[in-house]
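**Q** I am sharing data.cif, which consists of mmCIF, C-alpha atoms and all ligand atoms:
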data_protein
#
loop_
_atom_site.group_PDB
_atom_site.id
_atom_site.type_symbol
_atom_site.label_atom_id
_atom_site.label_comp_id
_atom_site.auth_asym_id
_atom_site.auth_seq_id
_atom_site.Cartn_x
_atom_site.Cartn_y
_atom_site.Cartn_z
ATOM 1 C CA MET S 1 42.303 -175.311 -76.365
ATOM 2 C CA LYS S 2 39.539 -174.204 -78.695
ATOM 3 C CA LEU S 3 40.367 -171.516 -81.217
ATOM 4 C CA PRO S 4 37.752 -169.178 -82.669
ATOM 5 C CA VAL S 5 36.436 -169.872 -86.167
ATOM 6 C CA VAL S 6 36.791 -167.174 -88.819
ATOM 7 C CA THR S 7 34.928 -167.380 -92.105
ATOM 8 C CA SER S 8 37.374 -165.367 -94.208
ATOM 9 C CA TRP S 9 40.831 -166.789 -93.691
ATOM 10 C CA TYR S 10 42.550 -164.507 -96.186
ATOM 11 C CA GLU S 11 42.534 -160.744 -96.266
ATOM 12 C CA PRO S 12 42.951 -159.282 -99.779
ATOM 13 C CA ARG S 13 43.870 -155.621 -100.129
ATOM 14 C CA ARG S 14 44.105 -153.694 -103.361
ATOM 15 C CA LEU S 15 47.482 -151.971 -103.727
ATOM 16 C CA GLY S 16 47.046 -150.685 -107.253
ATOM 17 C CA ASP S 17 45.161 -151.055 -110.537
ATOM 18 C CA ARG S 18 46.661 -154.447 -111.146
ATOM 19 C CA LEU S 19 48.167 -155.419 -107.808
ATOM 20 C CA TRP S 20 46.623 -157.182 -104.836
ATOM 21 C CA LEU S 21 48.141 -158.100 -101.493
ATOM 22 C CA ILE S 22 46.707 -161.138 -99.739
ATOM 23 C CA THR S 23 47.577 -161.875 -96.116
ATOM 24 C CA GLU S 24 46.671 -164.377 -93.408
ATOM 25 C CA PRO S 25 45.884 -162.221 -90.369
ATOM 26 C CA HIS S 26 45.295 -165.203 -88.083
ATOM 27 C CA VAL S 27 48.753 -166.655 -88.570
ATOM 28 C CA HIS S 28 51.476 -165.624 -86.072
ATOM 29 C CA PRO S 29 53.570 -162.757 -87.530
ATOM 30 C CA ILE S 30 56.592 -165.054 -87.937
ATOM 31 C CA PHE S 31 54.676 -167.229 -90.391
ATOM 32 C CA SER S 32 52.276 -164.688 -91.823
ATOM 33 C CA ALA S 33 53.677 -164.088 -95.288
ATOM 34 C CA ASN S 34 52.541 -161.765 -98.050
ATOM 35 C CA MET S 35 51.043 -163.057 -101.255
ATOM 36 C CA HIS S 36 50.961 -160.676 -104.195
ATOM 37 C CA LEU S 37 48.671 -161.050 -107.165
ATOM 38 C CA VAL S 38 49.635 -159.186 -110.341
ATOM 39 C CA LEU S 39 46.935 -158.977 -113.012
ATOM 40 C CA GLY S 40 48.241 -159.219 -116.576
ATOM 41 C CA ARG S 41 46.862 -159.144 -120.100
ATOM 42 C CA ASP S 42 47.664 -162.747 -121.013
ATOM 43 C CA ALA S 43 48.104 -164.270 -117.555
ATOM 44 C CA ASP S 44 48.008 -163.362 -113.887
ATOM 45 C CA LEU S 45 50.853 -163.937 -111.463
ATOM 46 C CA LEU S 46 50.618 -165.062 -107.862
ATOM 47 C CA ILE S 47 53.810 -164.491 -105.907
ATOM 48 C CA ASP S 48 53.826 -167.005 -103.003
ATOM 49 C CA SER S 49 50.892 -168.916 -101.592
ATOM 50 C CA GLY S 50 50.902 -168.679 -97.798
ATOM 51 C CA MET S 51 50.578 -171.481 -95.263
ATOM 52 C CA GLY S 52 47.948 -173.503 -97.089
ATOM 53 C CA ILE S 53 45.636 -173.582 -94.065
ATOM 54 C CA ALA S 54 42.510 -172.770 -96.107
ATOM 55 C CA PRO S 55 41.843 -173.053 -99.860
ATOM 56 C CA LEU S 56 43.467 -170.092 -101.580
ATOM 57 C CA ARG S 57 42.456 -170.609 -105.194
ATOM 58 C CA PRO S 58 38.838 -169.440 -104.793
ATOM 59 C CA VAL S 59 40.059 -166.225 -103.174
ATOM 60 C CA VAL S 60 42.629 -165.603 -105.914
ATOM 61 C CA ASP S 61 40.137 -166.379 -108.666
ATOM 62 C CA GLY S 62 37.630 -164.058 -107.011
ATOM 63 C CA LEU S 63 40.104 -161.193 -107.425
ATOM 64 C CA ARG S 64 40.909 -161.956 -111.058
ATOM 65 C CA PRO S 65 38.777 -160.146 -113.654
ATOM 66 C CA ASP S 66 38.970 -163.259 -115.827
ATOM 67 C CA PRO S 67 39.400 -166.415 -113.747
ATOM 68 C CA ASP S 68 39.688 -168.496 -116.931
ATOM 69 C CA LYS S 69 42.958 -166.790 -117.790
ATOM 70 C CA PRO S 70 46.101 -168.737 -116.853
ATOM 71 C CA VAL S 71 47.597 -167.980 -113.463
ATOM 72 C CA ILE S 72 51.257 -168.548 -112.659
ATOM 73 C CA CYS S 73 52.235 -169.373 -109.081
ATOM 74 C CA LEU S 74 55.810 -168.314 -108.395
ATOM 75 C CA SER S 75 57.285 -169.460 -105.090
ATOM 76 C CA THR S 76 59.998 -167.003 -104.061
ATOM 77 C CA HIS S 77 61.461 -169.798 -101.918
ATOM 78 C CA THR S 78 60.161 -172.930 -100.241
ATOM 79 C CA HIS S 79 59.754 -172.041 -96.575
ATOM 80 C CA VAL S 80 56.470 -173.301 -95.183
ATOM 81 C CA ASP S 81 54.792 -169.888 -95.103
ATOM 82 C CA HIS S 82 55.322 -169.292 -98.826
ATOM 83 C CA ILE S 83 54.315 -172.563 -100.511
ATOM 84 C CA GLY S 84 51.279 -173.865 -98.613
ATOM 85 C CA ALA S 85 48.753 -173.498 -101.427
ATOM 86 C CA ALA S 86 51.115 -173.892 -104.403
ATOM 87 C CA HIS S 87 49.493 -177.240 -105.240
ATOM 88 C CA GLU S 88 46.236 -175.431 -106.070
ATOM 89 C CA PHE S 89 47.819 -173.839 -109.148
ATOM 90 C CA GLU S 90 48.609 -175.593 -112.430
ATOM 91 C CA THR S 91 51.705 -173.562 -113.254
ATOM 92 C CA ARG S 92 54.310 -173.615 -110.499
ATOM 93 C CA LEU S 93 57.668 -171.879 -110.774
ATOM 94 C CA VAL S 94 60.609 -172.017 -108.377
ATOM 95 C CA HIS S 95 64.391 -171.772 -108.458
ATOM 96 C CA PRO S 96 65.909 -175.171 -109.346
ATOM 97 C CA VAL S 97 67.895 -175.508 -106.097
ATOM 98 C CA GLU S 98 64.625 -175.569 -104.122
ATOM 99 C CA ALA S 99 62.762 -177.875 -106.484
ATOM 100 C CA ASP S 100 62.992 -180.916 -104.195
ATOM 101 C CA GLU S 101 61.426 -179.090 -101.267
ATOM 102 C CA LEU S 102 58.459 -177.980 -103.378
ATOM 103 C CA ALA S 103 58.001 -181.517 -104.724
ATOM 104 C CA SER S 104 58.080 -183.078 -101.255
ATOM 105 C CA PRO S 105 57.807 -180.449 -98.546
ATOM 106 C CA SER S 106 59.317 -181.202 -95.143
ATOM 107 C CA PRO S 107 56.638 -182.088 -92.590
ATOM 108 C CA TYR S 108 55.526 -179.129 -90.505
ATOM 109 C CA SER S 109 53.272 -178.707 -87.494
ATOM 110 C CA LEU S 110 51.014 -175.901 -86.361
ATOM 111 C CA ARG S 111 51.836 -176.665 -82.715
ATOM 112 C CA ARG S 112 54.576 -174.638 -81.113
ATOM 113 C CA ALA S 113 55.605 -177.642 -79.038
ATOM 114 C CA ASP S 114 56.498 -179.519 -82.235
ATOM 115 C CA LEU S 115 58.954 -176.849 -83.407
ATOM 116 C CA SER S 116 62.542 -177.231 -82.254
ATOM 117 C CA ALA S 117 63.677 -175.028 -79.388
ATOM 118 C CA ALA S 118 66.549 -173.801 -81.579
ATOM 119 C CA LEU S 119 64.155 -172.611 -84.278
ATOM 120 C CA GLN S 120 61.929 -170.816 -81.774
ATOM 121 C CA GLU S 121 64.959 -169.198 -80.162
ATOM 122 C CA MET S 122 66.230 -168.028 -83.537
ATOM 123 C CA PHE S 123 62.968 -166.187 -84.231
ATOM 124 C CA VAL S 124 62.916 -164.523 -80.813
ATOM 125 C CA GLU S 125 66.567 -163.505 -81.113
ATOM 126 C CA ALA S 126 65.802 -162.042 -84.534
ATOM 127 C CA GLY S 127 63.236 -159.772 -82.883
ATOM 128 C CA TYR S 128 59.888 -161.548 -83.168
ATOM 129 C CA ASP S 129 57.429 -162.054 -80.304
ATOM 130 C CA ALA S 130 57.378 -165.565 -78.871
ATOM 131 C CA LEU S 131 55.145 -168.034 -80.671
ATOM 132 C CA TRP S 132 51.648 -168.770 -79.469
ATOM 133 C CA GLU S 133 50.632 -172.300 -78.480
ATOM 134 C CA TYR S 134 49.666 -172.752 -82.123
ATOM 135 C CA LEU S 135 50.986 -170.913 -85.155
ATOM 136 C CA VAL S 136 47.455 -169.554 -85.595
ATOM 137 C CA ASP S 137 44.979 -167.783 -83.288
ATOM 138 C CA ALA S 138 41.891 -168.975 -85.171
ATOM 139 C CA VAL S 139 40.799 -171.756 -87.529
ATOM 140 C CA PRO S 140 39.037 -171.462 -90.904
ATOM 141 C CA SER S 141 36.195 -173.864 -90.017
ATOM 142 C CA ALA S 142 34.704 -175.495 -86.938
ATOM 143 C CA ASP S 143 35.914 -178.932 -87.986
ATOM 144 C CA TYR S 144 39.448 -177.829 -88.935
ATOM 145 C CA ASP S 145 41.938 -180.341 -87.570
ATOM 146 C CA LEU S 146 45.103 -178.550 -86.471
ATOM 147 C CA ASP S 147 46.916 -181.865 -86.153
ATOM 148 C CA ALA S 148 46.209 -182.869 -89.740
ATOM 149 C CA TYR S 149 48.168 -179.919 -91.147
ATOM 150 C CA ALA S 150 50.421 -180.918 -94.013
ATOM 151 C CA ILE S 151 51.719 -179.227 -97.134
ATOM 152 C CA PRO S 152 50.772 -181.199 -100.243
ATOM 153 C CA PRO S 153 53.522 -181.837 -102.807
ATOM 154 C CA ALA S 154 53.515 -179.290 -105.615
ATOM 155 C CA PRO S 155 56.257 -180.307 -108.038
ATOM 156 C CA ALA S 156 57.453 -177.389 -110.119
ATOM 157 C CA THR S 157 56.197 -177.221 -113.690
ATOM 158 C CA GLY S 158 59.017 -174.871 -114.621
ATOM 159 C CA PHE S 159 62.160 -173.326 -113.218
ATOM 160 C CA VAL S 160 63.340 -169.739 -113.171
ATOM 161 C CA GLU S 161 66.807 -168.363 -112.570
ATOM 162 C CA ASP S 162 68.536 -165.022 -112.391
ATOM 163 C CA GLY S 163 67.893 -162.991 -115.536
ATOM 164 C CA ASP S 164 64.762 -164.839 -116.633
ATOM 165 C CA VAL S 165 61.694 -162.754 -117.408
ATOM 166 C CA ILE S 166 58.135 -163.277 -116.206
ATOM 167 C CA ASP S 167 55.980 -161.932 -119.012
ATOM 168 C CA LEU S 168 52.267 -161.338 -118.495
ATOM 169 C CA GLY S 169 51.882 -159.736 -121.926
ATOM 170 C CA ASP S 170 51.754 -156.151 -120.761
ATOM 171 C CA TRP S 171 53.800 -156.513 -117.560
ATOM 172 C CA ARG S 172 57.299 -157.882 -117.493
ATOM 173 C CA ALA S 173 59.559 -158.462 -114.521
ATOM 174 C CA GLU S 174 63.080 -159.783 -114.307
ATOM 175 C CA VAL S 175 63.822 -162.684 -112.005
ATOM 176 C CA LEU S 176 66.567 -162.006 -109.469
ATOM 177 C CA HIS S 177 68.358 -164.779 -107.593
ATOM 178 C CA LEU S 178 68.781 -163.348 -104.084
ATOM 179 C CA PRO S 179 70.284 -166.109 -101.911
ATOM 180 C CA GLY S 180 71.070 -165.782 -98.209
ATOM 181 C CA HIS S 181 67.758 -166.309 -96.450
ATOM 182 C CA SER S 182 67.422 -169.459 -98.514
ATOM 183 C CA PRO S 183 69.621 -170.883 -101.265
ATOM 184 C CA GLY S 184 67.101 -170.394 -104.067
ATOM 185 C CA GLN S 185 65.486 -167.188 -102.875
ATOM 186 C CA LEU S 186 63.980 -165.238 -105.768
ATOM 187 C CA GLY S 187 62.949 -161.642 -106.203
ATOM 188 C CA LEU S 188 61.168 -159.944 -109.090
ATOM 189 C CA TRP S 189 62.263 -156.616 -110.509
ATOM 190 C CA HIS S 190 59.649 -154.585 -112.333
ATOM 191 C CA ALA S 191 61.968 -151.968 -113.827
ATOM 192 C CA GLU S 192 59.204 -149.889 -115.381
ATOM 193 C CA SER S 193 57.845 -148.936 -111.960
ATOM 194 C CA HIS S 194 61.155 -149.326 -110.075
ATOM 195 C CA THR S 195 59.447 -151.936 -107.941
ATOM 196 C CA LEU S 196 61.044 -154.930 -106.250
ATOM 197 C CA PHE S 197 59.106 -157.955 -105.070
ATOM 198 C CA GLY S 198 61.712 -159.067 -102.562
ATOM 199 C CA GLY S 199 60.340 -162.266 -101.055
ATOM 200 C CA ASP S 200 62.217 -162.934 -97.833
ATOM 201 C CA ALA S 201 65.418 -161.355 -99.151
ATOM 202 C CA VAL S 202 64.181 -158.056 -97.764
ATOM 203 C CA TYR S 203 61.109 -156.869 -95.875
ATOM 204 C CA ASP S 204 60.387 -154.379 -93.123
ATOM 205 C CA GLY S 205 60.775 -156.678 -90.141
ATOM 206 C CA PRO S 206 63.403 -158.880 -88.540
ATOM 207 C CA LEU S 207 65.362 -160.569 -91.326
ATOM 208 C CA ILE S 208 66.119 -164.252 -90.741
ATOM 209 C CA TYR S 209 69.659 -165.266 -91.658
ATOM 210 C CA ASP S 210 70.760 -167.737 -89.048
ATOM 211 C CA GLY S 211 68.776 -170.889 -89.714
ATOM 212 C CA PRO S 212 69.237 -174.084 -91.712
ATOM 213 C CA GLY S 213 70.148 -173.434 -95.341
ATOM 214 C CA MET S 214 70.913 -169.770 -94.697
ATOM 215 C CA SER S 215 74.161 -167.910 -95.398
ATOM 216 C CA ILE S 216 75.186 -164.492 -94.082
ATOM 217 C CA LYS S 217 77.867 -164.272 -96.766
ATOM 218 C CA ASP S 218 75.334 -164.803 -99.551
ATOM 219 C CA TYR S 219 72.830 -162.555 -97.793
ATOM 220 C CA ALA S 220 75.346 -159.701 -97.611
ATOM 221 C CA ALA S 221 76.060 -160.046 -101.341
ATOM 222 C CA THR S 222 72.307 -159.982 -102.029
ATOM 223 C CA LEU S 223 71.780 -156.832 -99.959
ATOM 224 C CA LYS S 224 74.746 -155.135 -101.661
ATOM 225 C CA ARG S 225 73.239 -155.966 -105.028
ATOM 226 C CA LEU S 226 69.900 -154.449 -104.007
ATOM 227 C CA ARG S 227 71.691 -151.419 -102.563
ATOM 228 C CA ASP S 228 72.933 -150.531 -106.048
ATOM 229 C CA MET S 229 69.590 -150.881 -107.816
ATOM 230 C CA PRO S 230 67.267 -147.911 -108.511
ATOM 231 C CA ILE S 231 64.494 -149.336 -106.335
ATOM 232 C CA HIS S 232 61.650 -146.995 -105.367
ATOM 233 C CA THR S 233 59.167 -149.468 -103.884
ATOM 234 C CA VAL S 234 59.623 -152.803 -102.137
ATOM 235 C CA HIS S 235 56.890 -155.385 -101.660
ATOM 236 C CA GLY S 236 58.511 -157.882 -99.305
ATOM 237 C CA GLY S 237 57.627 -161.389 -98.254
ATOM 238 C CA HIS S 238 56.348 -160.060 -94.928
ATOM 239 C CA ASP S 239 55.167 -156.720 -93.512
ATOM 240 C CA PRO S 240 53.901 -153.646 -95.370
ATOM 241 C CA ALA S 241 55.577 -152.182 -98.464
ATOM 242 C CA PHE S 242 58.209 -149.458 -98.102
ATOM 243 C CA ASP S 243 60.264 -147.046 -100.197
ATOM 244 C CA GLY S 244 63.808 -146.962 -101.489
ATOM 245 C CA VAL S 245 65.075 -144.719 -98.702
ATOM 246 C CA TRP S 246 63.933 -147.178 -96.063
ATOM 247 C CA LEU S 247 65.415 -150.026 -98.109
ATOM 248 C CA GLN S 248 68.836 -148.367 -97.897
ATOM 249 C CA ALA S 249 68.431 -148.011 -94.120
ATOM 250 C CA ILE S 250 67.529 -151.686 -93.717
ATOM 251 C CA ILE S 251 70.481 -152.778 -95.855
ATOM 252 C CA LYS S 252 72.905 -150.549 -93.949
ATOM 253 C CA ASP S 253 71.626 -151.874 -90.626
ATOM 254 C CA TYR S 254 72.164 -155.540 -91.520
ATOM 255 C CA LEU S 255 75.503 -155.075 -93.275
ATOM 256 C CA GLU S 256 76.769 -153.245 -90.177
ATOM 257 C CA ARG S 257 75.385 -155.924 -87.900
ATOM 258 C CA TRP S 258 77.271 -158.564 -89.878
ATOM 259 C CA ASP S 259 80.348 -156.366 -90.220
ATOM 260 C CA MET S 260 80.178 -156.793 -93.982
ATOM 261 C CA THR S 261 79.835 -153.224 -95.228
HETATM 262 ZN ZN ZN F 1 58.741 -165.923 -94.900
HETATM 263 ZN ZN ZN F 2 61.500 -167.577 -95.624
#
Show how you would write the structure in this file as structure tokens.

**A**
Amino acid sequence: MKLPVVTSWYEPRRLGDRLWLITEPHVHPIFSANMHLVLGRDADLLIDSGMGIAPLRPVVDGLRPDPDKPVICLSTHTHVDHIGAAHEFETRLVHPVEADELASPSPYSLRRADLSAALQEMFVEAGYDALWEYLVDAVPSADYDLDAYAIPPAPATGFVEDGDVIDLGDWRAEVLHLPGHSPGQLGLWHAESHTLFGGDAVYDGPLIYDGPGMSIKDYAATLKRLRDMPIHTVHGGHDPAFDGVWLQAIIKDYLERWDMT
């Protein structure tokens, strides 16, 4: 099967004066994660780095007013759709319990047939559409080899844990440890604007809580913690941003589903 070639793999969208959202529209919704770029005075911050199917750094640098400024790449967790281009950045942060995965990522394939039936079933049961033959519906260049897909090692250069602060000079956010979807799942809390960068702890789509390394018990505790925070805006690891009212509805829905209210 021959997939169409697209010249711009990433789609950047400005969300605010200092905030960009970058997506990969040609990746199946299950694996199409959000990347957020926060522009700071002393450094910029990239939250997650997608699938790593096409070079991301030139796109990120193209959005930065000063590409010579340091850029920090924070991986909210180490699932394939969040760490693909982490190796392109010199400063790489992750929670310590997921350090090994970032340093030597598990092999992954872009072919549906290579993914376990259990994994595919889990996504469909969670509410996603079935996967396509490939995880993508296009390629970034005519000579792109779908079978050569691999995530390069990107050993962390630093670790962050609950309560740490990411400081860009004029923008500070607190690191939240939000386990459940993954053991080292991180979120970022920008208190000044009541904004949560939730990673895969919470987004406006089917939450995934039933796979390897996941824990409903931890996830419920995470959602209860978020329930009690004065959050006005959520930028999740997938899907468009939403407000605090919708966040409460999502949390209620899942806690009821799990019978853990
Ligand atoms: Zn994800
Ligand atoms: Zn994930």

**Q** Under the rule that all atoms listed in the file are counted, which of S:Pro140, S:Gly198, S:Pro206, S:Pro153 is the nearest residue to Pro4 (chain S)?

**A**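 With all atoms listed in the file as the atom set, the closest residue is S:Pro140.
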
**Q** Looking at S:Gly180, S:Ala43, S:Phe159, S:Ala113, which one is nearest to Asp68 (chain S), with distances taken over all atoms listed in the file?

**A** S:Ala43

**Q** Using only C-alpha atoms, can you tell me which of S:Pro67, S:Pro105, S:Gly16, S:Gly244 comes closest to Arg227 (chain S)?

**A**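 Among the listed residues, the smallest separation from Arg227 (chain S) belongs to S:Gly244.
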
**Q** Counting only C-alpha atoms and all ligand atoms, figure out which residue out of S:His79, S:Arg225, S:His95, S:His232 gets nearest to ligand ZN 2 (chain F).

**A**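 Among the listed residues, the smallest separation from ligand ZN 2 (chain F) belongs to S:His79.
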
**Q** Set the cut-off to 6 Å, count all atoms listed in the file, and list whatever residues fall near ligand ZN 1 (chain F) as a list in words.

**A** Ala33, Asp81, Asp200 and Gly237 of chain S

**Q** Atoms to include: C-alpha atoms. Write the selected residues as a CSV table (one decimal), keeping the file's coordinate frame.

**A**
chain,number,residue,atom,x,y,z
S,33,ALA,CA,53.7,-164.1,-95.3
S,81,ASP,CA,54.8,-169.9,-95.1
S,200,ASP,CA,62.2,-162.9,-97.8
S,237,GLY,CA,57.6,-161.4,-98.3

**Q** Expanded to explicit residues, what is the PyMOL selection byres (((not hetatm)) within 12 of (chain F and resi 2)) for this file, as number ranges by chain?

**A** S: 30-34, 48, 50-51, 75-83, 123, 178-186, 198-203, 206-214, 236-238

**Q** Output C-alpha atoms of each residue in that selection to a file, as a short mmCIF file (atom, residue, chain, number, x, y, z; two decimals), in the frame of the given file.

**A**
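To be explicit, this is the file written out as result15.cif:
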data_model
loop_
_atom_site.label_atom_id
_atom_site.label_comp_id
_atom_site.auth_asym_id
_atom_site.auth_seq_id
_atom_site.Cartn_x
_atom_site.Cartn_y
_atom_site.Cartn_z
CA ILE S 30 56.59 -165.05 -87.94
CA PHE S 31 54.68 -167.23 -90.39
CA SER S 32 52.28 -164.69 -91.82
CA ALA S 33 53.68 -164.09 -95.29
CA ASN S 34 52.54 -161.76 -98.05
CA ASP S 48 53.83 -167.00 -103.00
CA GLY S 50 50.90 -168.68 -97.80
CA MET S 51 50.58 -171.48 -95.26
CA SER S 75 57.28 -169.46 -105.09
CA THR S 76 60.00 -167.00 -104.06
CA HIS S 77 61.46 -169.80 -101.92
CA THR S 78 60.16 -172.93 -100.24
CA HIS S 79 59.75 -172.04 -96.58
CA VAL S 80 56.47 -173.30 -95.18
CA ASP S 81 54.79 -169.89 -95.10
CA HIS S 82 55.32 -169.29 -98.83
CA ILE S 83 54.32 -172.56 -100.51
CA PHE S 123 62.97 -166.19 -84.23
CA LEU S 178 68.78 -163.35 -104.08
CA PRO S 179 70.28 -166.11 -101.91
CA GLY S 180 71.07 -165.78 -98.21
CA HIS S 181 67.76 -166.31 -96.45
CA SER S 182 67.42 -169.46 -98.51
CA PRO S 183 69.62 -170.88 -101.26
CA GLY S 184 67.10 -170.39 -104.07
CA GLN S 185 65.49 -167.19 -102.88
CA LEU S 186 63.98 -165.24 -105.77
CA GLY S 198 61.71 -159.07 -102.56
CA GLY S 199 60.34 -162.27 -101.06
CA ASP S 200 62.22 -162.93 -97.83
CA ALA S 201 65.42 -161.35 -99.15
CA VAL S 202 64.18 -158.06 -97.76
CA TYR S 203 61.11 -156.87 -95.88
CA PRO S 206 63.40 -158.88 -88.54
CA LEU S 207 65.36 -160.57 -91.33
CA ILE S 208 66.12 -164.25 -90.74
CA TYR S 209 69.66 -165.27 -91.66
CA ASP S 210 70.76 -167.74 -89.05
CA GLY S 211 68.78 -170.89 -89.71
CA PRO S 212 69.24 -174.08 -91.71
CA GLY S 213 70.15 -173.43 -95.34
CA MET S 214 70.91 -169.77 -94.70
CA GLY S 236 58.51 -157.88 -99.30
CA GLY S 237 57.63 -161.39 -98.25
CA HIS S 238 56.35 -160.06 -94.93
#

**Q** Evaluating the PyMOL selection byres (((chain S and resi 248) around 10) and not hetatm) on the displayed file yields which residues, as a list in words?

**A**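 On the file shown, the PyMOL selection byres (((chain S and resi 248) around 10) and not hetatm) covers Leu223, Lys224, Leu226, Arg227, Asp228, Ile231, Asp243, Gly244, Val245, Trp246, Leu247, Ala249, Ile250, Ile251, Lys252 and Asp253 of chain S.
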
**Q** Let's have the selection written as a short mmCIF file (atom, residue, chain, number, x, y, z; two decimals), keeping the file's coordinate frame, with C-alpha atoms.

**A**
data_model
loop_
_atom_site.label_atom_id
_atom_site.label_comp_id
_atom_site.auth_asym_id
_atom_site.auth_seq_id
_atom_site.Cartn_x
_atom_site.Cartn_y
_atom_site.Cartn_z
CA LEU S 223 71.78 -156.83 -99.96
CA LYS S 224 74.75 -155.14 -101.66
CA LEU S 226 69.90 -154.45 -104.01
CA ARG S 227 71.69 -151.42 -102.56
CA ASP S 228 72.93 -150.53 -106.05
CA ILE S 231 64.49 -149.34 -106.34
CA ASP S 243 60.26 -147.05 -100.20
CA GLY S 244 63.81 -146.96 -101.49
CA VAL S 245 65.08 -144.72 -98.70
CA TRP S 246 63.93 -147.18 -96.06
CA LEU S 247 65.42 -150.03 -98.11
CA ALA S 249 68.43 -148.01 -94.12
CA ILE S 250 67.53 -151.69 -93.72
CA ILE S 251 70.48 -152.78 -95.86
CA LYS S 252 72.90 -150.55 -93.95
CA ASP S 253 71.63 -151.87 -90.63
#

**Q** Measuring between all atoms listed in the file, which one of S:Ala117, S:Ala85, S:Ala142, S:Leu37 shows the shortest distance to Pro65 (chain S)?

**A** S:Leu37
